[in-house]
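Structure file coords-v9.txt; described as compact mmCIF, C-alpha atoms.
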# COMPACT_ATOMS: atom_id res chain seq x y z
CA MET A 272 10.22 32.83 6.16
CA ASN A 273 8.87 29.66 4.65
CA GLN A 274 5.95 30.56 2.40
CA LYS A 275 3.39 27.82 2.83
CA PRO A 276 0.70 27.60 0.17
CA ASP A 277 -2.89 27.18 1.26
CA ALA A 278 -4.08 23.61 1.65
CA PRO A 279 -5.66 22.33 -1.53
CA ASN A 280 -9.41 22.18 -1.60
CA PHE A 281 -10.76 18.77 -2.57
CA ASP A 282 -14.39 19.48 -3.41
CA SER A 283 -17.31 17.07 -3.28
CA THR A 284 -17.02 16.28 -7.01
CA PHE A 285 -13.39 15.27 -6.56
CA ARG A 286 -14.15 13.24 -3.45
CA ALA A 287 -16.95 11.37 -5.22
CA GLY A 288 -14.56 10.62 -8.09
CA LEU A 289 -11.94 9.35 -5.66
CA LEU A 290 -14.41 6.94 -4.08
CA GLU A 291 -15.47 5.77 -7.54
CA LEU A 292 -11.85 5.19 -8.52
CA LEU A 293 -11.09 3.25 -5.32
CA ALA A 294 -14.19 1.11 -5.84
CA TRP A 295 -13.58 0.48 -9.53
CA ARG A 296 -9.78 0.29 -9.85
CA ARG A 297 -9.69 -3.49 -10.50
CA ASP A 298 -6.61 -5.62 -10.88
CA VAL A 299 -6.35 -6.22 -14.66
CA ARG A 300 -5.38 -9.57 -16.23
CA ARG A 301 -6.71 -9.12 -19.77
CA PHE A 302 -4.72 -6.62 -21.78
CA ARG A 303 -4.67 -5.35 -25.33
CA SER A 304 -1.18 -5.73 -26.75
CA GLU A 305 -0.79 -2.18 -28.07
CA PRO A 306 2.13 -0.35 -26.48
CA LEU A 307 1.78 2.41 -23.95
CA PRO A 308 2.66 5.93 -25.12
CA PRO A 309 6.38 6.72 -24.76
CA GLY A 310 7.21 7.99 -21.28
CA MET A 311 3.93 6.80 -19.73
CA VAL A 312 5.48 4.19 -17.42
CA GLU A 313 8.25 6.57 -16.37
CA ARG A 314 5.60 9.15 -15.47
CA LEU A 315 3.68 6.56 -13.44
CA ILE A 316 6.90 5.75 -11.58
CA GLU A 317 7.31 9.47 -10.79
CA VAL A 318 3.84 9.36 -9.25
CA ALA A 319 4.84 6.28 -7.25
CA CYS A 320 7.74 8.24 -5.80
CA LEU A 321 5.28 10.71 -4.24
CA ALA A 322 4.24 7.95 -1.82
CA PRO A 323 4.99 8.05 1.88
CA SER A 324 8.10 6.17 2.92
CA VAL A 325 9.31 5.24 6.37
CA GLY A 326 11.90 7.78 7.54
CA LEU A 327 11.80 9.25 4.00
CA SER A 328 13.90 6.23 3.02
CA GLN A 329 12.43 5.92 -0.49
CA PRO A 330 13.26 2.20 -0.61
CA TRP A 331 11.38 1.59 -3.90
CA ARG A 332 13.33 0.08 -6.79
CA PHE A 333 11.56 -0.20 -10.14
CA VAL A 334 12.88 -2.63 -12.74
CA LEU A 335 11.52 -2.31 -16.27
CA VAL A 336 11.80 -5.78 -17.76
CA GLU A 337 12.52 -5.18 -21.44
CA ASP A 338 14.71 -8.10 -22.41
CA VAL A 339 12.68 -10.77 -24.18
CA GLY A 340 14.65 -13.62 -22.60
CA ARG A 341 14.08 -12.30 -19.10
CA ARG A 342 10.38 -11.79 -19.80
CA GLU A 343 10.08 -15.36 -21.04
CA ALA A 344 11.90 -16.61 -17.97
CA ALA A 345 9.46 -14.70 -15.72
CA ILE A 346 6.52 -16.17 -17.63
CA ALA A 347 8.00 -19.66 -17.28
CA ASN A 348 8.34 -19.12 -13.52
CA PHE A 349 4.71 -18.00 -13.31
CA GLU A 350 3.57 -21.08 -15.25
CA SER A 351 5.58 -23.37 -12.99
CA CYS A 352 4.32 -21.75 -9.77
CA ASN A 353 0.77 -21.73 -11.10
CA ALA A 354 0.95 -25.45 -11.92
CA ASP A 355 2.21 -26.12 -8.39
CA ALA A 356 -0.66 -24.08 -6.98
CA LEU A 357 -3.20 -25.97 -9.07
CA ALA A 358 -1.80 -29.27 -7.82
CA ASP A 359 -2.59 -28.17 -4.25
CA TYR A 360 -6.33 -27.88 -4.93
CA ASP A 361 -8.77 -30.80 -5.09
CA GLY A 362 -12.09 -31.45 -6.78
CA GLY A 363 -14.27 -28.49 -7.65
CA LEU A 364 -11.76 -25.95 -6.39
CA ALA A 365 -9.11 -27.39 -8.73
CA THR A 366 -11.52 -27.20 -11.66
CA ARG A 367 -12.35 -23.60 -10.84
CA TYR A 368 -8.69 -22.66 -10.27
CA ALA A 369 -7.69 -24.10 -13.65
CA ARG A 370 -10.26 -21.86 -15.35
CA LEU A 371 -9.04 -18.63 -13.78
CA LYS A 372 -7.09 -16.06 -15.76
CA LEU A 373 -4.50 -14.97 -13.18
CA ALA A 374 -2.01 -12.92 -15.17
CA GLY A 375 -1.69 -11.11 -18.48
CA LEU A 376 2.06 -11.59 -18.86
CA ARG A 377 1.95 -12.64 -22.52
CA GLU A 378 -0.27 -9.80 -23.70
CA ALA A 379 0.73 -6.83 -21.55
CA PRO A 380 3.19 -4.52 -23.34
CA CYS A 381 4.97 -3.55 -20.12
CA HIS A 382 6.48 -5.74 -17.41
CA LEU A 383 7.55 -3.96 -14.24
CA ALA A 384 9.15 -5.69 -11.26
CA VAL A 385 9.24 -3.77 -8.00
CA PHE A 386 11.59 -4.35 -5.08
CA ALA A 387 12.23 -2.87 -1.63
CA ASP A 388 15.81 -2.13 -0.62
CA ARG A 389 15.76 -2.86 3.10
CA SER A 390 19.48 -2.13 3.28
CA THR A 391 19.23 1.50 2.17
CA THR A 392 20.82 4.02 4.52
CA VAL A 393 18.57 6.78 3.20
CA GLY A 394 16.39 7.85 6.12
CA HIS A 395 19.04 6.73 8.64
CA GLY A 396 16.91 3.75 9.65
CA LEU A 397 14.20 5.94 11.20
CA GLY A 398 10.99 4.00 11.86
CA ARG A 399 12.51 0.69 10.71
CA ARG A 400 14.29 -0.42 13.89
CA THR A 401 11.50 -2.52 15.35
CA MET A 402 9.71 -3.01 12.01
CA PRO A 403 12.16 -3.50 9.12
CA GLU A 404 9.17 -4.57 7.03
CA MET A 405 8.11 -0.90 6.94
CA ALA A 406 10.38 -0.53 3.90
CA ASP A 407 8.26 -3.08 2.07
CA TYR A 408 5.05 -1.32 3.11
CA SER A 409 6.39 1.99 1.78
CA VAL A 410 6.95 0.32 -1.57
CA VAL A 411 3.39 -0.99 -1.56
CA THR A 412 2.00 2.55 -1.10
CA ALA A 413 4.15 3.59 -4.08
CA ILE A 414 2.73 0.77 -6.18
CA PHE A 415 -0.84 1.61 -5.22
CA SER A 416 -0.26 5.29 -6.04
CA MET A 417 0.78 4.49 -9.60
CA TRP A 418 -2.01 1.94 -9.90
CA LEU A 419 -4.67 4.55 -9.09
CA VAL A 420 -3.24 7.15 -11.46
CA ALA A 421 -2.88 4.56 -14.22
CA ARG A 422 -6.52 3.50 -13.85
CA ALA A 423 -7.72 7.12 -13.90
CA GLU A 424 -5.94 7.45 -17.25
CA GLY A 425 -7.43 4.28 -18.70
CA VAL A 426 -4.34 2.14 -18.16
CA GLY A 427 -4.56 -1.19 -16.33
CA MET A 428 -2.20 -2.81 -13.87
CA GLY A 429 -2.19 -6.42 -12.78
CA TRP A 430 -0.24 -7.62 -9.73
CA VAL A 431 1.35 -11.04 -10.22
CA SER A 432 2.39 -12.83 -7.02
CA ILE A 433 2.35 -16.41 -8.30
CA LEU A 434 6.12 -16.30 -8.68
CA ASP A 435 9.16 -17.45 -6.77
CA PRO A 436 10.83 -14.31 -5.36
CA VAL A 437 14.27 -15.94 -5.37
CA VAL A 438 13.98 -17.00 -9.00
CA ILE A 439 12.68 -13.59 -10.10
CA ALA A 440 15.55 -11.81 -8.36
CA ARG A 441 17.99 -14.12 -10.15
CA ILE A 442 16.32 -13.65 -13.55
CA LEU A 443 16.51 -9.88 -13.12
CA ASP A 444 20.01 -9.88 -11.64
CA VAL A 445 19.23 -7.42 -8.85
CA PRO A 446 21.27 -6.79 -5.68
CA LYS A 447 20.80 -9.48 -3.07
CA ASP A 448 19.46 -7.01 -0.50
CA TRP A 449 16.49 -6.14 -2.66
CA ARG A 450 13.30 -7.80 -1.56
CA PHE A 451 10.82 -8.71 -4.28
CA ILE A 452 7.45 -7.02 -3.73
CA GLY A 453 5.57 -7.66 -6.96
CA TYR A 454 5.64 -8.15 -10.71
CA PHE A 455 3.25 -6.00 -12.68
CA CYS A 456 1.64 -6.21 -16.06
CA ILE A 457 0.81 -2.75 -17.37
CA GLY A 458 -1.15 -1.91 -20.51
CA TYR A 459 -4.57 -1.01 -21.84
CA PRO A 460 -7.29 -3.30 -20.49
CA MET A 461 -9.51 -5.39 -22.76
CA ASP A 462 -12.53 -4.63 -20.60
CA ASP A 463 -13.55 -2.36 -17.78
CA GLU A 464 -15.04 -4.41 -15.00
CA ASP A 465 -16.64 -3.17 -11.83
CA ILE A 466 -16.70 -6.62 -10.17
CA PRO A 467 -13.45 -8.42 -9.28
CA GLU A 468 -12.57 -11.25 -11.66
CA LEU A 469 -12.43 -13.72 -8.75
CA GLU A 470 -15.94 -12.74 -7.69
CA ARG A 471 -17.31 -13.07 -11.22
CA ALA A 472 -15.69 -16.49 -11.49
CA GLY A 473 -17.31 -17.63 -8.21
CA TRP A 474 -13.95 -18.11 -6.49
CA GLU A 475 -14.65 -15.80 -3.55
CA HIS A 476 -17.00 -12.99 -2.54
CA ARG A 477 -16.55 -9.74 -0.71
CA ARG A 478 -17.54 -9.56 2.95
CA SER A 479 -19.15 -6.68 4.80
CA PRO A 480 -16.63 -4.21 6.24
CA GLN A 481 -18.28 -4.66 9.66
CA GLU A 482 -16.77 -8.16 9.81
CA PHE A 483 -13.30 -6.62 9.94
CA VAL A 484 -13.76 -4.05 12.70
CA PHE A 485 -12.92 -4.79 16.34
CA CYS A 486 -12.90 -2.62 19.46
CA ARG A 487 -10.46 -2.86 22.32
CA MET B 256 -26.92 -11.25 -19.52
CA ASN B 257 -24.63 -9.37 -17.22
CA GLN B 258 -25.38 -5.66 -17.50
CA LYS B 259 -22.05 -3.90 -17.23
CA PRO B 260 -22.11 -0.18 -16.58
CA ASP B 261 -19.91 2.04 -18.68
CA ALA B 262 -16.44 2.68 -17.31
CA PRO B 263 -16.33 5.84 -15.25
CA ASN B 264 -14.78 8.87 -16.89
CA PHE B 265 -12.03 10.45 -14.85
CA ASP B 266 -11.61 13.86 -16.47
CA SER B 267 -8.53 16.07 -16.46
CA THR B 268 -9.78 18.08 -13.47
CA PHE B 269 -10.13 14.90 -11.42
CA ARG B 270 -6.76 13.59 -12.55
CA ALA B 271 -5.05 16.85 -11.60
CA GLY B 272 -6.73 16.68 -8.18
CA LEU B 273 -5.56 13.09 -7.72
CA LEU B 274 -1.95 14.06 -8.42
CA GLU B 275 -2.26 16.98 -6.03
CA LEU B 276 -3.63 14.69 -3.32
CA LEU B 277 -0.87 12.10 -3.81
CA ALA B 278 1.76 14.84 -3.67
CA TRP B 279 0.29 16.59 -0.66
CA ARG B 280 -1.16 13.76 1.48
CA ARG B 281 1.49 14.00 4.24
CA ASP B 282 1.82 11.76 7.24
CA VAL B 283 0.43 13.83 10.13
CA ARG B 284 1.97 13.96 13.62
CA ARG B 285 0.44 17.18 14.98
CA PHE B 286 -3.26 16.87 15.71
CA ARG B 287 -5.96 19.00 17.21
CA SER B 288 -7.66 17.08 19.99
CA GLU B 289 -11.25 17.65 18.87
CA PRO B 290 -13.07 14.39 18.12
CA LEU B 291 -13.94 13.19 14.66
CA PRO B 292 -17.61 13.27 13.70
CA PRO B 293 -19.48 10.09 14.74
CA GLY B 294 -19.17 7.37 12.12
CA MET B 295 -16.23 8.99 10.32
CA VAL B 296 -13.66 6.30 11.17
CA GLU B 297 -16.10 3.53 10.37
CA ARG B 298 -16.72 5.13 6.97
CA LEU B 299 -12.97 5.37 6.33
CA ILE B 300 -12.67 1.67 7.17
CA GLU B 301 -15.41 0.94 4.61
CA VAL B 302 -13.27 2.76 2.04
CA ALA B 303 -10.27 0.69 3.11
CA CYS B 304 -12.24 -2.47 2.37
CA LEU B 305 -12.52 -1.41 -1.29
CA ALA B 306 -8.79 -2.10 -1.65
CA PRO B 307 -7.41 -4.95 -3.72
CA SER B 308 -6.61 -8.11 -1.77
CA VAL B 309 -4.70 -11.17 -2.83
CA GLY B 310 -7.15 -13.89 -3.89
CA LEU B 311 -9.95 -11.63 -2.57
CA SER B 312 -8.81 -12.77 0.88
CA GLN B 313 -9.67 -9.45 2.62
CA PRO B 314 -7.09 -10.12 5.34
CA TRP B 315 -7.44 -6.65 6.92
CA ARG B 316 -8.37 -6.46 10.60
CA PHE B 317 -9.05 -3.02 12.06
CA VAL B 318 -8.85 -2.52 15.81
CA LEU B 319 -10.25 0.70 17.25
CA VAL B 320 -8.32 1.31 20.44
CA GLU B 321 -10.80 2.99 22.76
CA ASP B 322 -9.78 1.78 26.20
CA VAL B 323 -7.71 4.42 28.00
CA GLY B 324 -5.46 1.85 29.63
CA ARG B 325 -4.62 0.20 26.33
CA ARG B 326 -3.95 3.58 24.72
CA GLU B 327 -1.59 4.49 27.54
CA ALA B 328 0.16 1.14 27.18
CA ALA B 329 0.64 1.75 23.44
CA ILE B 330 2.02 5.23 24.17
CA ALA B 331 4.40 3.77 26.76
CA ASN B 332 5.61 1.23 24.20
CA PHE B 333 6.20 4.01 21.67
CA GLU B 334 8.17 6.03 24.23
CA SER B 335 10.29 3.02 25.13
CA CYS B 336 11.01 2.08 21.50
CA ASN B 337 11.70 5.72 20.65
CA ALA B 338 14.21 6.01 23.51
CA ASP B 339 15.94 2.84 22.26
CA ALA B 340 16.08 4.30 18.76
CA LEU B 341 17.56 7.57 20.03
CA ALA B 342 20.24 5.62 21.90
CA ASP B 343 21.34 4.10 18.57
CA TYR B 344 22.22 7.49 17.07
CA ASP B 345 25.40 9.45 17.77
CA GLY B 346 26.37 13.10 17.69
CA GLY B 347 24.43 15.43 15.41
CA LEU B 348 22.06 12.72 14.26
CA ALA B 349 21.09 12.00 17.87
CA THR B 350 20.48 15.70 18.49
CA ARG B 351 18.31 15.93 15.39
CA TYR B 352 16.44 12.70 16.19
CA ALA B 353 15.62 13.92 19.69
CA ARG B 354 14.00 17.05 18.21
CA LEU B 355 11.71 15.18 15.82
CA LYS B 356 7.99 14.88 16.46
CA LEU B 357 7.36 11.30 15.38
CA ALA B 358 3.85 10.56 16.58
CA GLY B 359 0.72 12.34 17.73
CA LEU B 360 -0.50 9.60 20.05
CA ARG B 361 -1.36 11.91 22.97
CA GLU B 362 -3.32 14.43 20.94
CA ALA B 363 -5.06 12.38 18.25
CA PRO B 364 -8.67 11.57 19.17
CA CYS B 365 -8.60 8.22 17.36
CA HIS B 366 -6.15 5.34 17.68
CA LEU B 367 -6.47 2.58 15.08
CA ALA B 368 -4.29 -0.52 14.96
CA VAL B 369 -4.31 -2.55 11.78
CA PHE B 370 -3.36 -6.20 11.37
CA ALA B 371 -3.16 -8.79 8.59
CA ASP B 372 -4.63 -12.21 9.18
CA ARG B 373 -2.28 -14.45 7.22
CA SER B 374 -4.19 -17.50 8.43
CA THR B 375 -7.49 -16.57 6.81
CA THR B 376 -8.99 -19.22 4.54
CA VAL B 377 -10.96 -16.57 2.63
CA GLY B 378 -9.60 -16.60 -0.91
CA HIS B 379 -8.52 -20.27 -0.59
CA GLY B 380 -4.86 -19.24 -0.43
CA LEU B 381 -4.83 -17.99 -4.03
CA GLY B 382 -1.74 -15.89 -4.78
CA ARG B 383 -0.24 -16.45 -1.32
CA ARG B 384 1.46 -19.82 -1.83
CA THR B 385 4.90 -18.50 -2.81
CA MET B 386 4.37 -15.07 -1.23
CA PRO B 387 2.46 -15.26 2.08
CA GLU B 388 3.46 -11.64 2.64
CA MET B 389 0.91 -10.67 -0.04
CA ALA B 390 -1.69 -10.63 2.76
CA ASP B 391 0.28 -7.87 4.47
CA TYR B 392 0.59 -5.92 1.22
CA SER B 393 -3.17 -6.12 0.69
CA VAL B 394 -3.65 -4.55 4.11
CA VAL B 395 -1.25 -1.75 3.20
CA THR B 396 -3.31 -0.87 0.12
CA ALA B 397 -6.37 -0.74 2.38
CA ILE B 398 -4.57 1.61 4.76
CA PHE B 399 -3.42 3.87 1.96
CA SER B 400 -6.96 3.99 0.53
CA MET B 401 -8.40 5.30 3.78
CA TRP B 402 -5.46 7.66 4.19
CA LEU B 403 -6.14 9.32 0.83
CA VAL B 404 -9.86 9.68 1.45
CA ALA B 405 -9.24 11.02 4.94
CA ARG B 406 -6.84 13.66 3.64
CA ALA B 407 -9.28 14.70 0.89
CA GLU B 408 -11.81 15.33 3.67
CA GLY B 409 -9.43 17.34 5.82
CA VAL B 410 -8.64 14.52 8.24
CA GLY B 411 -5.06 13.53 8.98
CA MET B 412 -3.50 10.12 9.51
CA GLY B 413 -0.11 9.37 11.01
CA TRP B 414 1.54 5.97 10.72
CA VAL B 415 3.41 4.94 13.86
CA SER B 416 5.95 2.13 13.41
CA ILE B 417 8.21 2.88 16.38
CA LEU B 418 6.51 0.12 18.34
CA ASP B 419 7.17 -3.49 19.25
CA PRO B 420 4.70 -5.61 17.24
CA VAL B 421 4.68 -8.37 19.86
CA VAL B 422 3.91 -5.95 22.69
CA ILE B 423 1.18 -4.17 20.71
CA ALA B 424 -0.51 -7.49 19.87
CA ARG B 425 -0.44 -8.38 23.56
CA ILE B 426 -1.78 -4.98 24.67
CA LEU B 427 -4.65 -5.32 22.20
CA ASP B 428 -5.29 -9.00 22.90
CA VAL B 429 -5.63 -10.01 19.27
CA PRO B 430 -5.42 -13.55 17.84
CA LYS B 431 -1.86 -14.83 17.57
CA ASP B 432 -2.09 -15.29 13.81
CA TRP B 433 -2.67 -11.60 13.25
CA ARG B 434 0.39 -9.76 12.04
CA PHE B 435 0.78 -6.15 13.15
CA ILE B 436 0.97 -3.79 10.18
CA GLY B 437 0.67 -0.34 11.72
CA TYR B 438 -0.74 1.87 14.45
CA PHE B 439 -2.47 5.01 13.27
CA CYS B 440 -3.30 8.35 14.80
CA ILE B 441 -6.35 9.87 13.15
CA GLY B 442 -7.75 13.34 13.72
CA TYR B 443 -7.80 16.88 12.41
CA PRO B 444 -4.30 18.18 11.64
CA MET B 445 -2.88 21.27 13.31
CA ASP B 446 -1.32 22.37 10.02
CA ASP B 447 -1.39 21.50 6.37
CA GLU B 448 2.11 20.94 5.13
CA ASP B 449 3.25 20.31 1.59
CA ILE B 450 6.79 19.30 2.61
CA PRO B 451 7.39 16.14 4.67
CA GLU B 452 8.18 16.85 8.32
CA LEU B 453 11.46 14.91 8.04
CA GLU B 454 12.53 17.08 5.10
CA ARG B 455 11.63 20.31 6.90
CA ALA B 456 13.61 19.12 9.91
CA GLY B 457 16.67 18.40 7.74
CA TRP B 458 16.60 14.69 8.53
CA GLU B 459 16.43 13.49 4.92
CA HIS B 460 15.56 14.80 1.47
CA ARG B 461 13.68 13.39 -1.46
CA ARG B 462 15.66 11.96 -4.37
CA SER B 463 14.86 12.18 -8.06
CA PRO B 464 12.62 9.34 -9.28
CA GLN B 465 15.22 8.55 -11.97
CA GLU B 466 17.51 7.21 -9.24
CA PHE B 467 15.04 4.41 -8.60
CA VAL B 468 14.47 3.15 -12.16
CA PHE B 469 16.46 0.25 -13.63
CA CYS B 470 16.21 -1.62 -16.92
CA ARG B 471 16.84 -5.29 -17.47
Encoding of this model in structure tokens:
Amino acid sequence: MNQKPDAPNFDSTFRAGLLELLAWRRDVRRFRSEPLPPGMVERLIEVACLAPSVGLSQPWRFVLVEDVGRREAAIANFESCNADALADYDGGLATRYARLKLAGLREAPCHLAVFADRSTTVGHGLGRRTMPEMADYSVVTAIFSMWLVARAEGVGMGWVSILDPVVIARILDVPKDWRFIGYFCIGYPMDDEDIPELERAGWEHRRSPQEFVFCR
Amino acid sequence: MNQKPDAPNFDSTFRAGLLELLAWRRDVRRFRSEPLPPGMVERLIEVACLAPSVGLSQPWRFVLVEDVGRREAAIANFESCNADALADYDGGLATRYARLKLAGLREAPCHLAVFADRSTTVGHGLGRRTMPEMADYSVVTAIFSMWLVARAEGVGMGWVSILDPVVIARILDVPKDWRFIGYFCIGYPMDDEDIPELERAGWEHRRSPQEFVFCR
């Protein structure tokens, strides 16, 4: 007989803390350069692997980027893509874009690239037949799991998407079936901010949730 | 002068609870039919809107499916897609697939479809130039945020992906630029399980996190 433990009890103190964490978890772009404690990133990846995955396919692939040459190549790709992005903006928006701090790649002690292996046979394809992109979404829940735990421990994560997925896959020499999901800076944050950087910089503001709800 | 509150302190009790929640949060497919308290889903959607979004673009679009005819049409699409999936399996795998309970669409009191609006101009395209799929990933972090809070309050969510995105968009009559991310059953769970349903059913097992870590 399968012995099932009682459901955990998440009390009101925990639930208030969870809401505070979700509200405060900020994407971090300003890092101190001190290294993370040994084993910290590996432990965060273990947390990521607790995430739900379509058909239990566990399609997440975590690449710790430790080689200095590869890191520099990733930074160069960011700088190139960021320059292209800037060139697309005009006038005041271009001025504001140029002032934004969009990644902490030079300062962050840890670079982590994350991929989804859509070709995995783990899970026997369940739940991916009409929506192969479910593999990617599973990886995103893994990333967000480690993000939340990192923040609760005082560690910051910053998601860098101003990159060319094809170039990053080549720099990191990963299997061709792996789909690039994101490149992450991980380290201790310079500051703790409760307002998103893009809101503080006047780039965009947050809308009311009611604007996003529809009934059918 | 910008008055910045102190960073919240997430103590060891909270952090242990967070790990327990991430480990235990299960996708739910067996629901009791009793309704959720009024306002509960709307509050969960507010939590979802705390999620990070690329360029602060807030591309999440939440569609509460309340019309009985539309719900029935979504269920019919699930049944059709599920029959197609079953037909793709042979032998023992087909037998096992046929036994799986993959959605709680008939029992769950709440149906929520979630989309990403890749065409939104909110955020001025920041971070989406080389990776337009970042809008979808932002929506997934929103979904996972509400999932965690729901579970901590005793509410279950089940992610249904055995659907045709084109048919679902048509059933729900949403703008053509909206990309279908997932269809969710929400309600009180019949059971609290600490092992994934697919693992209990012998469909797949969880691998060691070490299998998913690579260095470059």
Residue contacts of Ile452 of chain A (9 Å, only C-alpha atoms) excluding same-chain residues fewer than 4 positions away, as a ChimeraX atom specification: /A:384-387,407,410-411,432,436 /B:386,388-389,392
Kindly provide the residues of chain B that approach chain A to within 6 Å, each paired with its closest atom pair and their distance in Å to one decimal, based on all atoms listed in the file, listed by chain and increasing number, as a tab-separated table.
residue	atom	partner	partner_atom	distance
B:Ala262	CA	A:Asp463	CA	5.8
B:Phe265	CA	A:Ala423	CA	5.5
B:Phe269	CA	A:Phe285	CA	5.9
B:Ala278	CA	A:Leu321	CA	5.5
B:Glu301	CA	A:Pro480	CA	5.5
B:Leu305	CA	A:Ala294	CA	5.5
B:Arg316	CA	A:Phe483	CA	5.0
B:Phe317	CA	A:Val484	CA	4.9
B:Val318	CA	A:Phe485	CA	4.7
B:Leu319	CA	A:Cys486	CA	4.8
B:Val320	CA	A:Arg487	CA	5.1
B:Glu321	CA	A:Arg487	CA	5.9
B:Gly378	CA	A:Glu475	CA	5.8
B:Gly382	CA	A:Ile433	CA	5.4
B:Thr385	CA	A:Asp435	CA	5.9
B:Ala407	CA	A:Phe281	CA	5.5
B:Ser416	CA	A:Gly398	CA	5.6
B:Ile417	CA	A:Gly398	CA	5.4
B:Asp419	CA	A:Thr401	CA	5.9
B:Asp447	CA	A:Ala278	CA	5.8
B:Glu459	CA	A:Gly394	CA	5.8
B:Pro464	CA	A:Glu317	CA	5.5
B:Phe467	CA	A:Arg332	CA	5.0
B:Val468	CA	A:Phe333	CA	4.9
B:Phe469	CA	A:Val334	CA	4.7
B:Cys470	CA	A:Leu335	CA	4.8
B:Arg471	CA	A:Val336	CA	5.1
Which is closest to Val437 of chain A among A:Ala345, A:Val299, A:Cys381, A:Leu315, if we use all atoms listed in the file?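 Smallest distance to Val437 of chain A is found for A:Ala345.
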Atom pair atom CA of Gly411 of chain B / atom CA of Leu291 of chain B: separation (Å):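 Value for the atom CA of Gly411 of chain B-atom CA of Leu291 of chain B distance: 10.5 Å.
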Among B:Gly457, B:Pro292, B:Pro430, B:Gly442, Thr375 of chain B is approached most closely, using all atoms listed in the file, by B:Pro430
Between atom CA of Glu378 of chain A and atom CA of Ala472 of chain A, what is the distance, to one decimal in Å? 20.8 Å
Distance of atom CA of Ala406 of chain A from atom CA of Trp449 of chain A, expressed in Å to one decimal place: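 If I compute the distance from atom CA of Trp449 of chain A to atom CA of Ala406 of chain A, I get 10.6 Å.
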Quick one: everything within 10 Å of segment 302-305 of chain A, counting all atoms listed in the file, minus sequence neighbours fewer than 4 positions away in the same chain. Send it as JSON, numbers by chain. {"A": [374, 375, 376, 377, 378, 379, 380, 381, 426, 427, 428, 429, 456, 457, 458, 459, 460, 461, 462]}
